[in-house]
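Undergrad: So that you have it, the file is input.cif, and it contains mmCIF, C-alpha atoms:
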data_my_file
loop_
_atom_site.label_atom_id
_atom_site.label_comp_id
_atom_site.auth_asym_id
_atom_site.auth_seq_id
_atom_site.Cartn_x
_atom_site.Cartn_y
_atom_site.Cartn_z
CA MET A 1 72.69 68.05 97.41
CA ALA A 2 75.08 68.89 94.57
CA PRO A 3 74.44 66.96 91.33
CA LYS A 4 76.92 64.29 90.32
CA SER A 5 78.88 64.61 87.10
CA TYR A 6 76.86 61.81 85.49
CA ASP A 7 73.45 63.46 86.06
CA SER A 8 73.57 65.20 82.68
CA PRO A 9 71.15 63.67 80.13
CA SER A 10 73.94 63.74 77.53
CA PHE A 11 76.46 61.88 79.72
CA TYR A 12 78.14 58.80 78.28
CA GLY A 13 80.77 56.68 79.94
CA TRP A 14 81.96 53.78 82.03
CA GLU A 15 82.57 53.61 85.78
CA GLN A 16 85.64 51.98 87.27
CA CYS A 17 85.25 48.86 89.47
CA THR A 18 81.51 48.54 88.73
CA THR A 19 79.51 47.46 85.70
CA GLN A 20 77.77 50.82 85.44
CA THR A 21 77.58 52.13 81.89
CA PHE A 22 75.87 55.45 81.14
CA LEU A 23 74.01 56.25 77.94
CA ASN A 24 72.28 59.64 77.75
CA GLY A 25 72.61 59.92 81.51
CA THR A 26 70.86 56.58 82.05
CA ASN A 27 72.66 53.78 83.88
CA GLN A 28 72.62 50.55 81.87
CA LYS A 29 74.69 48.12 83.92
CA GLY A 30 76.91 45.76 81.99
CA TYR A 31 76.06 47.28 78.61
CA GLY A 32 78.09 45.60 75.88
CA GLY A 33 79.62 43.19 78.39
CA TYR A 34 81.38 45.88 80.42
CA ASP A 35 82.69 44.35 83.67
CA GLY A 36 84.38 47.36 85.33
CA ASP A 37 87.85 45.80 85.15
CA ILE A 38 89.80 49.08 85.20
CA LYS A 39 92.65 49.38 87.68
CA GLU A 40 95.03 52.10 88.77
CA ASN A 41 97.80 52.79 86.21
CA ASP A 42 95.87 51.08 83.40
CA LEU A 43 96.42 52.59 79.97
CA ILE A 44 92.96 53.49 78.68
CA GLU A 45 92.31 54.62 75.12
CA LEU A 46 89.11 56.45 74.17
CA ILE A 47 88.19 56.68 70.50
CA ILE A 48 85.47 59.12 69.43
CA ASN A 49 84.08 58.20 66.02
CA CYS A 50 81.94 61.10 64.83
CA GLU A 51 81.06 59.45 61.52
CA ILE A 52 79.26 56.50 63.08
CA SER A 53 78.41 58.29 66.39
CA LYS A 54 80.14 55.87 68.74
CA ILE A 55 82.62 55.97 71.63
CA LYS A 56 85.07 53.11 72.06
CA LEU A 57 87.05 52.24 75.20
CA ILE A 58 90.17 50.06 74.97
CA ASN A 59 92.01 48.77 78.05
CA HIS A 60 95.55 47.97 76.92
CA ARG A 61 96.27 45.91 80.03
CA SER A 62 93.34 43.52 79.68
CA THR A 63 92.95 44.09 75.89
CA LYS A 64 89.20 44.41 76.50
CA ARG A 65 87.18 46.67 74.19
CA TYR A 66 83.80 48.28 74.73
CA GLN A 67 81.63 50.51 72.57
CA ILE A 68 78.75 52.91 73.26
CA PRO A 69 76.42 54.37 70.60
CA ILE A 70 75.67 58.09 70.80
CA ASP A 71 72.21 59.44 70.07
CA ALA A 72 73.23 62.23 67.68
CA SER A 73 69.70 63.67 67.70
CA LYS A 74 70.15 64.51 71.40
CA SER A 75 73.84 65.36 71.08
CA PRO A 76 74.14 67.57 67.96
CA PHE A 77 77.47 68.83 66.69
CA PRO A 78 79.74 70.35 67.81
CA TRP A 79 80.33 67.68 70.45
CA LYS A 80 81.94 68.80 73.68
CA LEU A 81 83.59 65.94 75.50
CA SER A 82 84.50 66.29 79.17
CA VAL A 83 86.70 63.41 80.29
CA ASN A 84 86.55 63.00 84.06
CA ILE A 85 88.80 60.62 85.96
CA VAL A 86 87.09 60.27 89.34
CA ASN A 87 87.37 58.36 92.57
CA ILE A 88 84.52 56.55 94.30
CA ASN A 89 83.32 59.84 95.84
CA ASP A 90 83.02 61.43 92.39
CA CYS A 91 85.87 63.86 93.14
CA VAL A 92 87.37 64.94 89.85
CA ARG A 93 91.13 64.45 89.57
CA ILE A 94 91.57 65.31 85.90
CA ASN A 95 89.20 67.31 83.72
CA GLN A 96 90.00 67.81 80.06
CA VAL A 97 87.64 69.44 77.58
CA LYS A 98 87.88 68.97 73.82
CA ILE A 99 85.55 69.90 70.98
CA TRP A 100 84.98 67.81 67.86
CA ARG A 101 83.62 69.48 64.73
CA THR A 102 82.47 68.13 61.39
CA ASP A 103 84.56 68.76 58.27
CA GLU A 104 82.00 71.36 57.15
CA GLU A 105 82.28 73.25 60.45
CA ARG A 106 86.05 73.15 60.73
CA LEU A 107 86.74 76.32 58.71
CA HIS A 108 83.47 78.09 59.42
CA PRO A 109 84.08 81.67 60.70
CA ASP A 110 82.08 80.96 63.87
CA CYS A 111 84.39 78.05 64.69
CA ILE A 112 87.69 79.88 64.22
CA GLN A 113 89.43 81.84 66.95
CA GLN A 114 92.08 84.31 65.90
CA VAL A 115 95.36 83.93 67.75
CA ASN A 116 98.25 86.36 67.55
CA THR A 117 101.44 84.33 67.20
CA GLY A 118 103.56 87.18 65.88
CA ARG A 119 105.68 89.72 67.69
CA GLY A 120 102.89 91.28 69.69
CA GLY A 121 103.23 93.52 72.70
CA LYS A 122 103.87 92.34 76.24
CA LEU A 123 102.09 93.53 79.34
CA GLY A 124 102.64 92.65 82.98
CA ILE A 125 100.67 93.43 86.11
CA TRP A 126 101.56 93.43 89.79
CA GLY A 127 98.93 93.40 92.49
CA GLY A 128 98.17 92.07 95.94
CA ILE A 129 95.20 90.88 97.97
CA SER A 130 94.58 90.70 101.70
CA GLY A 131 91.84 90.36 104.25
CA ARG A 132 91.80 94.15 104.49
CA GLY A 133 91.46 94.84 100.80
CA THR A 134 93.46 94.92 97.59
CA THR A 135 96.64 96.82 96.84
CA GLU A 136 97.14 99.27 94.05
CA ALA A 137 97.99 97.61 90.74
CA ARG A 138 101.14 98.27 88.74
CA ILE A 139 100.94 97.72 84.98
CA PHE A 140 104.25 97.54 83.16
CA ASN A 141 105.56 96.54 79.74
CA GLU A 142 109.22 96.19 80.62
CA ASN A 143 110.83 93.00 81.88
CA MET A 144 110.42 92.56 85.61
CA ASN A 145 113.71 92.71 87.51
CA GLY A 146 115.02 93.78 90.90
CA SER A 147 115.04 97.49 90.08
CA VAL A 148 111.47 97.51 88.76
CA TYR A 149 110.29 95.47 91.74
CA CYS A 150 111.91 97.93 94.15
CA GLU A 151 109.87 100.68 92.47
CA VAL A 152 106.72 98.63 93.05
CA LEU A 153 107.58 98.20 96.73
CA SER A 154 108.35 101.90 97.18
CA ASN A 155 105.25 103.11 95.36
CA GLU A 156 102.26 100.79 94.92
CA LEU A 157 102.92 98.62 97.98
CA LYS A 158 103.86 101.48 100.29
CA ARG A 159 100.82 103.57 99.33
CA SER A 160 98.58 100.53 99.78
CA MET A 161 100.01 99.75 103.23
CA ASN A 162 99.42 103.33 104.33
CA LYS A 163 95.70 102.76 103.80
CA PHE A 164 95.63 99.82 106.20
CA GLN A 165 95.36 100.25 109.94
CA ASP A 166 97.82 98.61 112.34
CA LYS A 167 100.55 98.19 109.71
CA ALA A 168 102.79 96.49 112.27
CA ARG A 169 100.65 93.34 112.02
CA LEU A 170 100.86 93.07 108.23
CA ILE A 171 102.69 90.04 106.82
CA PHE A 172 103.96 90.29 103.25
CA GLN A 173 103.86 87.14 101.12
CA GLN A 174 105.58 86.57 97.78
CA ASP A 175 106.95 83.60 95.88
CA LEU A 176 110.62 82.90 95.17
CA ALA A 177 110.89 84.57 91.77
CA PRO A 178 114.50 85.69 91.12
CA TRP A 179 113.67 89.40 91.41
CA HIS A 180 111.92 88.79 94.75
CA THR A 181 115.06 87.32 96.29
CA SER A 182 117.71 89.52 94.67
CA HIS A 183 120.08 91.47 96.92
CA ILE A 184 118.70 94.86 95.91
CA VAL A 185 115.16 93.75 96.79
CA THR A 186 115.98 92.10 100.12
CA THR A 187 117.87 95.25 101.11
CA LYS A 188 114.85 97.37 100.16
CA MET A 189 112.54 95.17 102.23
CA LYS A 190 114.76 95.56 105.27
CA GLN A 191 114.71 99.34 104.82
CA MET A 192 110.89 99.25 104.65
CA LYS A 193 110.81 96.90 107.67
CA LEU A 194 108.53 94.46 105.87
CA ASN A 195 107.54 91.33 107.77
CA VAL A 196 108.10 88.79 104.96
CA LEU A 197 106.57 85.33 105.22
CA ASP A 198 108.94 82.41 104.61
CA TRP A 199 107.81 80.61 101.47
CA PRO A 200 108.64 77.07 100.24
CA ALA A 201 109.99 76.58 96.73
CA LYS A 202 107.75 75.38 93.87
CA SER A 203 104.51 75.90 95.78
CA SER A 204 102.45 78.22 93.61
CA ASP A 205 99.36 76.17 94.48
CA LEU A 206 99.55 77.61 98.01
CA ASN A 207 99.37 81.19 96.76
CA PRO A 208 95.72 82.40 96.72
CA ILE A 209 96.39 85.20 94.22
CA GLU A 210 97.24 82.60 91.56
CA MET A 211 93.48 81.96 91.33
CA ALA A 212 92.95 85.60 90.39
CA TRP A 213 95.66 85.44 87.71
CA SER A 214 94.05 82.27 86.33
CA ILE A 215 90.70 84.06 85.97
CA LEU A 216 92.38 86.98 84.19
CA ASP A 217 94.20 84.62 81.81
CA LYS A 218 90.92 82.99 80.80
CA LYS A 219 89.30 86.37 80.15
CA SER A 220 92.22 87.73 78.13
#
Kindly transcribe the structure held in the file into structure tokens.
TA:
Amino acid sequence: MAPKSYDSPSFYGWEQCTTQTFLNGTNQKGYGGYDGDIKENDLIELIINCEISKIKLINHRSTKRYQIPIDASKSPFPWKLSVNIVNINDCVRINQVKIWRTDEERLHPDCIQQVNTGRGGKLGIWGGISGRGTTEARIFNENMNGSVYCEVLSNELKRSMNKFQDKARLIFQQDLAPWHTSHIVTTKMKQMKLNVLDWPAKSSDLNPIEMAWSILDKKS
């Protein structure tokens, strides 16, 4: 059985609609008078006070306030706070991660990440996935447009399709980016006799390759 989010020994928090209050992963029902009166659309404010090692919850609808002490000896700095908004089945809807550091740590070299905000280079990548394997990748540094995309279709995609058996059963999927739907591209697809899947607008969450791009973004 998969562990729940509150199984961690360093978990602190309150549960909606019950009196459960967690300190160091231990359930202490009704701690500090908590009554579970949190409803949908409530405005909840969480205050993390590192100086006195306490977490405060304020419900702006009911004006109720609750406070939990943190055992700093078991939760040394830097603190990593994961705020989970869950339903009764412990299914996470929102997960935000923030890190709090002491004033002494703030400018320490180990706590600083260099970010290039200047006029750095730009790099793009095109690729595809399927149940029969991946396509060739196209790496480019120019702006993507209809002409560049036609080159991708004629080269990387065509060579990749030639590796697959029974090409007549292949279905090509792409989103509705402007260069995907331009006249020059649609004409090229007809020439290549591509079987293009109809795709709804604003539905990137349906596209499985977006997961791969997300992983690459996190590693870059």
Undergrad: Restricting the calculation to all atoms listed in the file, which member of A:Lys219, A:Lys64, A:Lys163, A:Lys158 is positioned closest to Leu194 of chain A?
TA: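 The closest residue to Leu194 of chain A is A:Lys158.
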Undergrad: Between atom CA of Phe164 of chain A and atom CA of Gln191 of chain A, what is the distance, to one decimal in Å?
TA: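 Between these atoms lies a distance of 19.1 Å.
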Undergrad: Could you pull the residues within 6 Å of Leu57 of chain A, counting all atoms listed in the file, minus those fewer than 4 positions along the same chain, as a list in words?
TA: Glu45, Leu46, Arg65 and Tyr66 of chain A
Undergrad: Could you save those same residues with C-alpha atoms as a PDB file, in the coordinates of the input?
TA:
ATOM      1  CA  GLU A  45      92.310  54.620  75.120  1.00  0.00           C
ATOM      2  CA  LEU A  46      89.110  56.450  74.170  1.00  0.00           C
ATOM      3  CA  ARG A  65      87.180  46.670  74.190  1.00  0.00           C
ATOM      4  CA  TYR A  66      83.800  48.280  74.730  1.00  0.00           C
TER       5      TYR A  66
END
Undergrad: Starting from the shown file, work through the PyMOL selection byres ((chain A and resi 181-188) around 10) and note down what comes out as JSON, numbers by chain.
TA: {"A": [145, 146, 147, 148, 149, 150, 151, 153, 154, 174, 175, 176, 177, 178, 179, 180, 189, 190, 191, 192, 193, 194, 196]}
Undergrad: Which residues are near Ser10 of chain A? Cut-off 8 Å, only C-alpha atoms, ignore same chain within fewer than 3 positions. Put them as a PDB file with C-alpha atoms, in the coordinates of the input.
TA:
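Below is the file part-v3.pdb, written as the result:
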ATOM      1  CA  LEU A  23      74.010  56.250  77.940  1.00  0.00           C
ATOM      2  CA  ASN A  24      72.280  59.640  77.750  1.00  0.00           C
ATOM      3  CA  GLY A  25      72.610  59.920  81.510  1.00  0.00           C
ATOM      4  CA  LYS A  74      70.150  64.510  71.400  1.00  0.00           C
ATOM      5  CA  SER A  75      73.840  65.360  71.080  1.00  0.00           C
TER       6      SER A  75
END
